[in-house]
Structures are given as C-alpha cells and as structure tokens.
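Here is my_file_32.tsv, consisting of TSV, C-alpha atoms:
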chain	number	residue	atom	x	y	z
T	23	MET	CA	96.65	155.33	136.30
T	24	ILE	CA	98.61	157.22	133.67
T	25	ILE	CA	100.56	155.10	131.20
T	26	ASN	CA	103.88	156.63	130.24
T	27	MET	CA	104.15	156.26	126.48
T	28	TYR	CA	107.23	157.57	124.77
T	29	ILE	CA	109.14	156.85	121.60
T	30	LYS	CA	112.88	156.45	121.25
T	31	LYS	CA	114.78	155.89	118.05
T	32	LEU	CA	117.87	153.75	117.58
T	33	ASN	CA	119.66	154.19	114.26
T	34	ASN	CA	117.36	154.52	111.28
T	35	LYS	CA	116.29	150.93	111.51
T	36	ILE	CA	114.74	150.19	114.88
T	37	ILE	CA	112.16	152.43	116.53
T	38	MET	CA	111.70	151.74	120.22
T	39	ILE	CA	108.36	152.25	121.95
T	40	PRO	CA	108.89	151.13	125.56
T	41	ILE	CA	105.90	151.04	127.90
T	42	LYS	CA	105.98	150.53	131.65
T	43	TYR	CA	102.81	148.59	132.29
T	44	PRO	CA	102.09	146.52	135.44
T	45	MET	CA	101.27	142.98	134.34
T	46	THR	CA	101.99	139.34	135.04
T	47	GLU	CA	102.50	138.51	131.36
T	48	TYR	CA	105.56	139.88	129.59
T	49	GLU	CA	105.51	140.43	125.88
T	50	VAL	CA	107.19	142.17	122.97
T	51	ARG	CA	105.31	143.07	119.82
T	52	ILE	CA	107.11	143.84	116.57
T	53	LEU	CA	105.60	145.99	113.84
T	54	PHE	CA	107.07	145.99	110.32
T	55	ASN	CA	105.76	149.04	108.44
T	56	ILE	CA	105.76	147.31	105.03
T	57	GLY	CA	103.26	144.60	104.12
T	58	SER	CA	102.39	142.31	101.24
T	59	ASN	CA	101.14	145.06	98.91
T	60	ILE	CA	104.74	145.66	97.73
T	61	GLU	CA	105.15	142.07	96.49
T	62	GLN	CA	105.28	141.41	92.77
T	63	ALA	CA	103.23	138.47	91.44
T	64	ILE	CA	106.21	136.11	91.57
T	65	GLU	CA	106.86	137.14	95.23
T	66	SER	CA	103.24	136.84	96.40
T	67	GLY	CA	103.21	135.23	99.87
T	68	TYR	CA	106.89	135.78	100.69
T	69	ILE	CA	106.34	138.15	103.64
T	70	HIS	CA	103.67	135.87	105.09
T	71	LEU	CA	106.06	132.91	104.76
T	72	PHE	CA	108.77	134.93	106.55
T	73	GLU	CA	106.30	135.63	109.37
T	74	HIS	CA	105.85	131.87	109.84
T	75	ILE	CA	109.60	131.31	109.78
T	76	VAL	CA	110.40	133.73	112.62
T	77	ILE	CA	107.70	132.27	114.91
T	78	LEU	CA	108.91	128.69	114.38
T	79	GLU	CA	110.53	127.02	117.39
T	80	ASP	CA	113.17	125.63	114.98
T	81	MET	CA	114.16	129.19	114.06
T	82	MET	CA	114.38	130.20	117.71
T	83	ASP	CA	116.53	127.14	118.45
T	84	TYR	CA	118.76	128.13	115.51
T	85	LEU	CA	119.29	131.75	116.60
T	86	SER	CA	118.56	131.73	120.34
T	87	ASP	CA	119.04	129.79	123.57
T	88	SER	CA	115.33	129.88	124.39
T	89	VAL	CA	111.96	129.25	122.78
T	90	TYR	CA	109.14	131.78	123.16
T	91	PHE	CA	105.43	131.64	122.48
T	92	ALA	CA	104.86	133.56	119.26
T	93	GLU	CA	102.09	134.38	116.82
T	94	GLY	CA	102.00	136.64	113.80
T	95	TYR	CA	99.81	138.33	111.26
T	96	THR	CA	100.59	139.68	107.79
T	97	ASP	CA	98.41	142.39	106.24
T	98	LEU	CA	98.56	144.39	103.04
T	99	ASP	CA	100.36	147.36	104.59
T	100	HIS	CA	102.26	145.84	107.55
T	101	MET	CA	103.32	142.70	109.38
T	102	GLN	CA	103.19	142.14	113.14
T	103	ILE	CA	104.50	139.49	115.51
T	104	LYS	CA	103.75	138.99	119.20
T	105	PHE	CA	106.24	137.22	121.49
T	106	SER	CA	105.40	136.26	125.08
T	107	CYS	CA	107.82	135.32	127.85
T	108	GLN	CA	107.76	134.63	131.59
T	109	ASN	CA	109.84	137.38	133.19
T	110	ASN	CA	112.06	140.41	132.67
T	111	GLU	CA	115.18	138.26	132.32
T	112	GLU	CA	113.73	136.37	129.36
T	113	ILE	CA	112.98	139.66	127.60
T	114	ILE	CA	116.72	140.28	127.17
T	115	GLY	CA	117.17	136.96	125.35
T	116	LEU	CA	114.06	137.69	123.30
T	117	LEU	CA	115.35	141.13	122.28
T	118	ASN	CA	118.58	139.52	121.09
T	119	TYR	CA	116.55	137.12	118.96
T	120	ILE	CA	114.50	140.01	117.55
T	121	CYS	CA	117.72	141.82	116.66
T	122	LYS	CA	118.84	138.81	114.59
T	123	ILE	CA	115.56	138.40	112.71
T	124	THR	CA	115.31	142.09	111.80
T	125	GLU	CA	118.75	142.30	110.20
T	126	GLN	CA	120.32	140.61	107.18
T	127	ILE	CA	119.61	136.95	107.73
T	128	GLU	CA	120.49	133.46	106.56
T	129	ILE	CA	117.74	130.87	106.96
T	130	PRO	CA	118.49	127.14	106.73
T	131	ASN	CA	116.60	125.32	103.97
T	132	ARG	CA	115.06	122.88	106.48
T	133	ILE	CA	113.39	125.77	108.33
T	134	ILE	CA	112.07	127.32	105.11
T	135	LYS	CA	110.68	123.92	104.10
T	136	LYS	CA	108.93	123.47	107.45
T	137	ALA	CA	107.33	126.94	107.26
T	138	GLN	CA	106.37	126.18	103.66
T	139	GLU	CA	104.48	123.06	104.79
T	140	ILE	CA	102.67	125.05	107.51
T	141	VAL	CA	101.57	127.74	105.05
T	142	LEU	CA	100.36	125.19	102.47
T	143	THR	CA	98.36	123.43	105.21
T	144	GLU	CA	96.89	126.79	106.23
T	145	MET	CA	95.92	127.47	102.61
T	146	LYS	CA	94.20	124.08	102.30
T	147	LYS	CA	92.39	124.41	105.63
T	148	ASN	CA	91.05	127.90	104.88
T	149	LYS	CA	90.49	127.48	101.13
T	150	ILE	CA	86.87	128.68	101.05
T	151	ARG	CA	87.51	131.66	103.36
T	152	ASN	CA	90.66	132.58	101.42
T	153	GLU	CA	88.74	132.61	98.13
T	154	GLU	CA	86.14	134.89	99.71
T	155	ASN	CA	88.80	137.23	101.13
T	156	LYS	CA	90.71	137.19	97.84
T	157	SER	CA	87.62	138.42	96.00
T	158	LYS	CA	87.22	141.22	98.58
T	159	ILE	CA	90.86	142.34	98.19
T	160	LYS	CA	90.52	142.27	94.39
T	161	LEU	CA	87.43	144.48	94.72
T	162	LEU	CA	88.99	146.98	97.14
T	163	SER	CA	92.27	147.22	95.18
T	164	GLU	CA	90.49	147.13	91.80
T	165	GLY	CA	92.27	143.92	90.83
T	166	LYS	CA	95.80	145.06	91.69
T	167	LEU	CA	96.62	143.11	94.90
T	168	ASP	CA	96.73	139.52	96.16
T	169	LEU	CA	95.82	138.18	99.59
T	170	PRO	CA	98.76	138.46	102.05
T	171	ILE	CA	98.80	134.66	102.36
T	172	GLY	CA	99.99	134.63	98.76
T	173	ARG	CA	99.65	132.35	95.78
T	174	LYS	CA	99.75	128.61	96.30
T	175	GLU	CA	101.97	128.01	93.27
T	176	ASN	CA	104.58	130.46	94.60
T	177	ILE	CA	104.82	128.67	97.94
T	178	GLU	CA	104.75	125.16	96.43
T	179	LYS	CA	107.54	125.89	93.94
T	180	ILE	CA	109.48	128.44	95.97
T	181	ASP	CA	112.89	129.49	94.68
T	182	ILE	CA	114.82	129.68	97.97
T	183	THR	CA	117.57	131.89	96.53
T	184	ASN	CA	115.05	134.46	95.27
T	185	PHE	CA	113.08	134.21	98.52
T	186	LEU	CA	116.15	134.98	100.68
T	187	LYS	CA	117.16	137.83	98.36
T	188	PHE	CA	113.67	139.34	98.64
T	189	ILE	CA	113.53	138.99	102.45
T	190	ASN	CA	116.90	140.65	102.93
T	191	GLU	CA	115.86	143.52	100.65
T	192	TYR	CA	112.68	143.76	102.73
T	193	LEU	CA	114.64	143.86	106.01
T	194	ASN	CA	116.93	146.51	104.54
T	195	CYS	CA	114.01	148.82	103.74
T	196	VAL	CA	111.47	148.15	106.47
T	197	GLU	CA	111.13	150.23	109.62
T	198	VAL	CA	110.62	148.15	112.75
T	199	GLY	CA	108.69	149.19	115.86
T	200	LEU	CA	109.01	147.39	119.18
T	201	ILE	CA	106.28	147.58	121.82
T	202	ILE	CA	107.48	146.20	125.14
T	203	PHE	CA	105.21	145.27	128.04
T	204	SER	CA	107.21	144.61	131.20
T	205	ASN	CA	107.81	145.84	134.73
T	206	ILE	CA	111.25	147.18	133.82
T	207	ASP	CA	111.67	150.94	134.17
T	208	ASN	CA	111.44	152.72	130.80
T	209	GLU	CA	114.96	154.16	130.93
T	210	LYS	CA	116.42	150.81	131.98
T	211	ILE	CA	114.68	148.89	129.18
T	212	PHE	CA	115.83	151.52	126.71
T	213	GLY	CA	119.40	151.07	127.96
T	214	ILE	CA	119.12	147.31	127.38
T	215	CYS	CA	117.76	147.94	123.88
T	216	LYS	CA	120.55	150.40	123.15
T	217	ASN	CA	123.14	147.73	123.95
T	218	ILE	CA	121.40	145.27	121.64
T	219	PHE	CA	120.21	147.47	118.78
T	220	GLY	CA	122.37	150.57	119.13
T	221	LYS	CA	125.40	149.62	117.05
T	222	GLU	CA	125.75	151.74	113.95
T	223	LYS	CA	124.93	149.72	110.85
T	224	VAL	CA	125.74	150.47	107.24
T	225	GLN	CA	122.49	150.78	105.31
T	226	ASN	CA	122.99	149.45	101.81
T	227	LYS	CA	119.60	149.84	100.21
T	228	THR	CA	120.11	148.13	96.88
T	229	LYS	CA	116.35	148.17	96.28
T	230	ILE	CA	113.61	150.48	97.48
T	231	LEU	CA	110.27	148.79	98.15
T	232	VAL	CA	107.40	151.10	97.24
T	233	GLU	CA	103.67	150.59	97.70
T	234	PRO	CA	101.65	150.55	94.47
T	235	LYS	CA	99.82	153.72	93.43
T	236	LEU	CA	96.11	152.95	93.37
T	237	SER	CA	93.12	155.16	92.64
T	238	CYS	CA	90.21	152.85	93.64
T	239	LEU	CA	87.64	155.50	92.66
T	240	LYS	CA	85.14	153.20	90.93
T	241	ASN	CA	81.80	152.41	92.56
T	242	GLN	CA	81.62	148.61	92.40
T	243	LYS	CA	79.67	145.71	93.86
T	244	LEU	CA	80.66	142.16	94.79
T	245	VAL	CA	78.08	139.47	95.52
T	246	ILE	CA	79.24	136.51	97.61
T	247	LYS	CA	76.98	133.46	97.64
T	248	ASP	CA	76.88	132.05	101.15
T	249	ASN	CA	73.80	130.71	102.94
T	250	GLN	CA	75.41	131.26	106.33
T	251	LYS	CA	75.69	135.04	105.86
T	252	LEU	CA	72.38	135.82	104.24
T	253	ASN	CA	71.26	139.47	104.22
T	254	LYS	CA	74.62	140.96	105.17
T	255	LYS	CA	76.01	144.01	103.36
T	256	ILE	CA	79.34	145.76	103.80
T	257	PHE	CA	79.67	149.32	102.51
T	258	CYS	CA	83.31	150.32	101.95
T	259	LEU	CA	83.70	154.10	101.69
T	260	LEU	CA	86.97	155.41	100.30
T	261	VAL	CA	87.81	158.11	102.86
T	262	GLU	CA	90.64	160.57	103.33
T	263	TRP	CA	93.23	159.91	106.00
T	264	HIS	CA	92.53	162.31	108.85
T	265	LYS	CA	95.60	162.88	111.00
T	266	ASP	CA	94.35	165.84	113.06
T	267	ILE	CA	92.53	165.17	116.31
T	268	LYS	CA	89.38	167.14	115.38
T	269	ASN	CA	88.64	164.95	112.35
T	270	ILE	CA	89.49	161.80	114.29
T	271	ILE	CA	86.95	162.84	116.92
T	272	LEU	CA	84.39	163.62	114.18
T	273	GLN	CA	84.78	160.06	112.86
T	274	GLN	CA	84.25	158.65	116.35
T	275	LEU	CA	81.21	160.88	116.81
T	276	PHE	CA	79.83	159.64	113.46
T	277	GLU	CA	80.11	156.05	114.73
T	278	VAL	CA	78.39	156.90	118.04
T	279	ILE	CA	75.51	158.75	116.31
T	280	LEU	CA	74.97	156.03	113.69
T	281	LYS	CA	75.02	153.20	116.24
T	282	ASP	CA	72.60	155.14	118.45
T	283	PHE	CA	70.25	155.57	115.48
T	284	MET	CA	70.44	151.86	114.56
T	285	LYS	CA	69.70	150.81	118.17
T	286	GLU	CA	68.96	147.04	118.21
T	287	LYS	CA	69.77	146.61	114.52
T	288	LYS	CA	73.17	145.03	114.09
T	289	ILE	CA	75.85	147.31	112.67
T	290	THR	CA	79.65	147.15	112.77
T	291	ILE	CA	81.94	150.03	111.84
T	292	GLY	CA	85.64	149.52	111.12
T	293	CYS	CA	88.32	150.31	108.57
T	294	LYS	CA	90.41	148.47	106.02
T	295	VAL	CA	93.81	149.81	104.98
T	296	ILE	CA	94.94	148.85	101.49
T	297	THR	CA	98.02	151.10	101.24
T	298	LYS	CA	99.27	154.04	103.32
T	299	GLU	CA	97.28	156.22	100.87
T	300	ILE	CA	94.11	154.12	100.50
T	301	MET	CA	91.77	153.46	103.42
T	302	TYR	CA	88.14	152.38	103.49
T	303	LEU	CA	85.66	153.09	106.25
T	304	THR	CA	83.61	149.88	106.43
T	305	ILE	CA	79.98	149.80	107.59
T	306	THR	CA	78.47	146.35	107.95
T	307	PHE	CA	74.68	145.98	108.09
T	308	GLU	CA	72.88	142.73	108.87
T	309	ASN	CA	69.29	141.45	108.73
T	310	CYS	CA	68.16	143.21	105.54
T	311	ILE	CA	69.15	146.69	106.76
T	312	ASP	CA	71.25	148.60	104.27
T	313	ILE	CA	72.41	152.10	103.45
T	314	ASP	CA	69.23	152.89	101.47
T	315	TRP	CA	67.15	152.30	104.59
T	316	VAL	CA	69.52	154.53	106.58
T	317	ILE	CA	69.34	157.32	103.99
T	318	ARG	CA	65.53	157.19	103.96
T	319	ASN	CA	65.14	157.19	107.74
T	320	PHE	CA	68.16	158.94	109.23
T	321	VAL	CA	67.84	162.59	110.23
T	322	LEU	CA	70.86	164.44	111.58
T	323	SER	CA	69.47	166.86	114.14
T	324	LYS	CA	70.94	169.08	116.83
T	325	LYS	CA	69.33	166.73	119.33
T	326	SER	CA	71.00	163.60	117.89
T	327	ILE	CA	74.35	165.42	117.77
T	328	MET	CA	74.04	166.53	121.40
T	329	ARG	CA	73.14	162.98	122.46
T	330	GLY	CA	76.11	161.64	120.50
T	331	LYS	CA	78.48	164.21	121.98
T	332	ASN	CA	77.36	163.33	125.51
T	333	ASN	CA	77.81	159.60	124.85
T	334	LEU	CA	81.28	160.15	123.37
T	335	LYS	CA	82.31	162.37	126.29
T	336	LYS	CA	81.09	159.67	128.66
T	337	GLN	CA	83.36	157.13	126.92
T	338	PHE	CA	86.44	159.35	127.26
T	339	SER	CA	85.59	160.28	130.86
T	340	GLU	CA	85.38	156.58	131.69
T	341	ILE	CA	88.84	156.05	130.18
T	342	GLU	CA	90.17	158.96	132.24
T	343	LYS	CA	88.62	157.44	135.35
T	344	ILE	CA	89.71	153.78	135.06
T	345	GLY	CA	92.88	154.22	132.98
T	346	LEU	CA	93.98	152.92	129.60
T	347	ASN	CA	93.73	149.21	128.96
T	348	LYS	CA	96.32	147.29	127.04
T	349	TRP	CA	94.27	147.04	123.83
T	350	TYR	CA	93.61	150.77	123.71
T	351	ILE	CA	97.34	151.42	124.12
T	352	LEU	CA	98.23	148.97	121.36
T	353	ASP	CA	95.70	150.47	118.97
T	354	GLU	CA	97.01	154.00	119.56
T	355	ILE	CA	100.65	152.95	119.09
T	356	TYR	CA	99.87	150.92	115.96
T	357	LYS	CA	98.12	153.90	114.35
T	358	ASN	CA	100.91	156.26	115.36
T	359	PHE	CA	103.74	154.04	114.13
T	360	LEU	CA	102.12	152.83	110.92
T	361	TYR	CA	100.11	155.89	109.86
T	362	ASN	CA	101.60	158.79	111.84
T	363	MET	CA	98.32	159.35	113.68
T	364	PRO	CA	98.41	161.33	116.95
T	365	ILE	CA	98.42	159.27	120.15
T	366	ILE	CA	95.42	159.99	122.38
T	367	ASP	CA	96.75	159.47	125.91
T	368	ILE	CA	95.03	160.10	129.25
T	369	LYS	CA	96.76	163.46	129.55
T	370	ASN	CA	95.05	164.50	126.25
T	371	ILE	CA	91.53	163.72	127.44
T	372	PRO	CA	90.65	167.20	128.87
T	373	TYR	CA	91.66	168.60	125.46
T	374	ILE	CA	89.55	165.94	123.71
T	375	LEU	CA	86.52	166.78	125.84
T	376	GLN	CA	86.95	170.44	124.91
T	377	ILE	CA	87.06	169.57	121.20
T	378	ILE	CA	83.83	167.56	121.55
T	379	ASP	CA	82.15	170.48	123.36
T	380	ASN	CA	83.20	172.88	120.59
T	381	LEU	CA	81.80	170.76	117.73
T	382	VAL	CA	78.75	172.39	116.17
T	383	TYR	CA	76.03	171.16	113.82
T	384	GLU	CA	77.88	172.42	110.72
T	385	ASP	CA	81.02	170.40	111.66
T	386	VAL	CA	79.11	167.15	111.97
T	387	LYS	CA	76.90	167.73	108.92
T	388	GLY	CA	80.00	168.54	106.86
T	389	TYR	CA	81.56	165.22	107.90
T	390	PHE	CA	78.36	163.30	107.03
T	391	ASP	CA	78.10	165.10	103.67
T	392	ASN	CA	81.70	164.21	102.81
T	393	LEU	CA	80.98	160.53	103.54
T	394	SER	CA	77.93	160.57	101.28
T	395	ASN	CA	80.14	161.78	98.40
T	396	CYS	CA	82.84	159.11	98.86
T	397	SER	CA	83.46	156.38	96.31
T	398	CYS	CA	81.75	153.22	97.56
T	399	LYS	CA	82.27	149.52	97.04
T	400	ILE	CA	79.57	147.15	98.26
T	401	ILE	CA	80.08	143.55	99.39
T	402	GLU	CA	76.77	141.71	99.57
T	403	TYR	CA	76.25	138.21	100.95
T	404	ALA	CA	73.38	136.34	99.31
T	405	GLY	CA	72.00	132.82	99.47
T	406	ALA	CA	73.45	130.30	97.07
Structure re-expressed in structure tokens:
Amino acid sequence: MIINMYIKKLNNKIIMIPIKYPMTEYEVRILFNIGSNIEQAIESGYIHLFEHIVILEDMMDYLSDSVYFAEGYTDLDHMQIKFSCQNNEEIIGLLNYICKITEQIEIPNRIIKKAQEIVLTEMKKNKIRNEENKSKIKLLSEGKLDLPIGRKENIEKIDITNFLKFINEYLNCVEVGLIIFSNIDNEKIFGICKNIFGKEKVQNKTKILVEPKLSCLKNQKLVIKDNQKLNKKIFCLLVEWHKDIKNIILQQLFEVILKDFMKEKKITIGCKVITKEIMYLTITFENCIDIDWVIRNFVLSKKSIMRGKNNLKKQFSEIEKIGLNKWYILDEIYKNFLYNMPIIDIKNIPYILQIIDNLVYEDVKGYFDNLSNCSCKIIEYAGA
C-alpha cells in the first residue's frame, strides 16, 4: 500500500498536509512550529497554557457547535495538538474550529481561569518529575531555558492582558501544519480546507518571535539522586543537523550497529531538540553499562558494518512489503514540517537500499569519529 503524501500551502499562515489513509478513526493533528524556547522569563508557560485552553471543552463550546476529543503537548521548539472525531462530516466542523484558534483570538476570562487551574494541578501532581526535567533542560540549554510547562508563579499570578497580547503575537508569527487522517479524497479535503483557510489575510507582524542563540559547547555532567533509576546514564551528544538522506541513513546505521553490539544490554537511542539549531543525540545505558565500557570493547569492523547494513536493509524491505504505518508517517511529516528533513516514503525505498549498499567502511568510521568528537553532556542517575 502506497500512502500518498503531499503538501499544499494556503496563504503564508496555514500549511496543509492532507493524507488519504484508510482508517476507522478520524483525526486532525496541528503542528505549531514555534515552542516555549521563545518565551521570556515573564512569559514562561504561556504557550503551554494556550495548549490547554484550545483542548478545553469550554473553548470548543465557545467557538464551535461540537466538542471533540483533544490532547496536546508543548515542547521547546514546537507545540502539537491532536483532535479526534467520528466521521468525515465532523472533520469540517473541526477544521472551522481550528481556523478560529489559529488566528487572532479573544479568550473569555472564565476559560483562561479554568485552564490555569488545570495547569497548576498538573504542576502539583508532577512536581518531582518536573524538577528532574527542569534540571535536564537547564543542563542541555546551559541554563538559558525553562521547562515548557513554565513557572508556577507566572501561571498563579497571570496578567490576562499580557497573556492575550503574547498569544496573538505568537499566532501572528507561527506557521501551522495540519495533518489530516480521513477517507476523504486528497483533492476534496484540500478543497474543503481552501474554503475554510483560503481567504487572504493581512499579516501584521508587530513582533517577530526568534529562538535564542545558544552554543551549548561545554562538556557537563548532572547527577540526579533517585533510587528507582539506579545505574542509568544518558549521554547527550551535540550533533549537527543532517538534512541529506545519506547522513540520515548513516545515523540509522549507527543505531543498528550499536544496538547489535550491545545485544541483551539495555540501550535506548533518541534525540532531543532544544532549538532549530541545537539537537542532541541521546544514548541511554542501563545496568552499569556506560560509554567507557563501549569505547573499551567496541570494534568497528567491516563484518559489523555488513551485518548492520543487512539488518537496516531488512527493516526498509519490510516497510516496503507491508506498507507505512500511521506512526511512521507522522514521524516523517513532523521532521519535514518542523526541521525541513526529507520525507522517506515507500517510493524512496529502492533509492534508500541503494544508498545503504554503497556505504563503505570509511563512511561509517567517519560518522563514528565525528560522534566521538562531539560536545557531550552526561545525565547520571544515582542512589540517594
């Protein structure tokens, strides 16, 4: 099954990414390409509060004829919201609601107050985890950024006038991506979106929101005392953004080779984006295994590279055989919309397999050598 992914643009404000995808659940995901890292200290938590406002049933009742299941997430570099509905007809009402919450907006005080209570409850409930995550963000941003959830004092004593001013400046600057899962034909859904979002709007950008310039080049270590996570280490390597397919494939091959070497030992590889310029490759080791052990014992050989290439090719061949699942599609679209990464679709897989075949020892060793020279921040969990 080949998924038809294409991107359409309406005005300079809304980017449409319709997908025709057979499913029983209908949903629309919204991506805002600006996150909490642009907030000043006095604004800390405002975008996260806005996320909670737009998923409130009270807000939907205020701006729409229907209520939809919704959940959201605010990160340093973006904000995302997922809406679910029952059928294609409901999607039209939902798109109208989305249009209203992504333009200049007035929010009743009662709705702001209700979202404020929810956020404060969330802060209280997750106090210990938030303190831990706050210390991680301070480490990775070298003290420059707050947690997206914000500062308690800002939310408790919120100045509603300043909050609304900030949110409307945010909506004036942010670029919005829509990902639509439905059984409606792509051209038809785009026509519906054009009727809703296609009116020319005057862009009056009174303020430009810019991400902070960070260097993050120091090698630093954070020790978190927690009996429940004893002997866990996270190595955060400050890596360059790679937006060409060859280097993306090299990173995937690195993960396959390292996981194959670790075998039963638990290891997790991921990434953490701080700004559009700053990204960490994160390698989490558990059960006393750390990077020193890897350096002492790991040998990059032509045999290990060949085994890794075969395993990676097997993964892509399996995707080509069974088709793309929803989560793969979402991940590719997120990376394309937020970071301008190339989308790897089924039709690209023969090309991907060729790239993997053409990788030689020097390519892989060069990638490993570059990682070993990256700035590194270590998060270590130790017993209290």
**OP:** Could you jot down the atom CA of Phe276 of chain T to atom CA of Val261 of chain T separation for me, Å, one decimal place?
**Re:**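 These atoms are spaced 13.4 Å apart.
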**OP:** State, in Å with one decimal place, the distance from atom CA of Cys293 of chain T to atom CA of Glu73 of chain T.
**Re:**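 For atom CA of Cys293 of chain T relative to atom CA of Glu73 of chain T, the distance reads 23.2 Å.
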Subject >> Shell of 12 Å around Met82 of chain T, only C-alpha atoms, local chain residues under 5 positions omitted, as a list in words >> reply: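 Counting only the stated atoms, we get His74, Ile75, Val76, Ile77, Asp87, Ser88, Val89, Tyr90, Phe91, Ala92, Phe105, Gly115, Leu116, Leu117, Asn118, Tyr119, Ile120, Lys122, Ile123, Ile129 and Ile133 of chain T.
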**OP:** Work out how far atom CA of Ile378 of chain T is from atom CA of Asn269 of chain T, in Å to one decimal.
**Re:**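 Value for the atom CA of Asn269 of chain T-atom CA of Ile378 of chain T distance: 10.7 Å.
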**OP:** Excluding Pro234 of chain T and residues on its chain fewer than 3 positions from it, collect all residues at most 12 Å away from it, counting only C-alpha atoms, and give them as an MDAnalysis selection string.
**Re:** chainID T and resid 56:62 98:99 163:164 166:167 231 237:238 296:300
Original post:
Which residue out of T:Ala63, T:Ile267, T:Glu209, T:Asn217 has the minimum interatomic distance to Leu169 of chain T when all atoms listed in the file are used?
Top reply: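 Checking each of T:Ala63, T:Ile267, T:Glu209, T:Asn217 against Leu169 of chain T, counting all atoms listed in the file, the winner is T:Ala63.
Proximity of T:Tyr403, T:Phe212, T:Phe257, T:Tyr389 to Gln273 of chain T, computed with all atoms listed in the file, is greatest for T:Tyr389.
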Original post:
Which one of T:Glu49, T:Glu144, T:Glu128, T:Glu111 sits closest to His70 of chain T if you count all atoms listed in the file?
Top reply: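 Residue with the minimum atom-to-atom distance to His70 of chain T: T:Glu144.
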If the box runs along x, y and z of the file and leaves 5 Å on each side of segment 352-370 of chain T, what are its centre and edge lengths in Å, one decimal, as JSON?
{"center_x": 99.4, "center_y": 156.7, "center_z": 119.7, "size_x": 18.7, "size_y": 25.5, "size_z": 29.7}
Subject >> Which residue of T:Ile150, T:Leu381, T:Val198, T:Val386 approaches Lys247 of chain T most closely, using all atoms listed in the file >> reply: T:Ile150
Original post:
Can you list, as a list of chain:residue names, every protein, DNA or RNA residue that comes within 6 Å of Lys255 of chain T when you count only C-alpha atoms, leaving out same-chain residues fewer than 2 positions away?
Top reply: T:Thr306, T:Phe307, T:Ile401, T:Glu402
**OP:** Might you pull out every residue within 9 Å of Val382 of chain T, with all atoms listed in the file counted and same-chain residues fewer than 5 positions away left off, and present them as a list in words?
**Re:**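 Final neighbour list, sorted by chain and number: Lys324, Ile327 and Lys387 of chain T.
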For the selection you just gave me, I'd like the residues written to a file as a PDB file, keeping the file's coordinate frame, keeping C-alpha atoms.
ATOM      1  CA  LYS T 324      70.940 169.080 116.830  1.00  0.00           C
ATOM      2  CA  ILE T 327      74.350 165.420 117.770  1.00  0.00           C
ATOM      3  CA  LYS T 387      76.900 167.730 108.920  1.00  0.00           C
TER       4      LYS T 387
END
**OP:** May I ask which of the residues T:Asp80, T:Lys369, T:Ile69, T:Leu239 is the closest one to Tyr95 of chain T, counting only C-alpha atoms?
**Re:**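 That would be T:Ile69, the residue with the smallest distance to Tyr95 of chain T.
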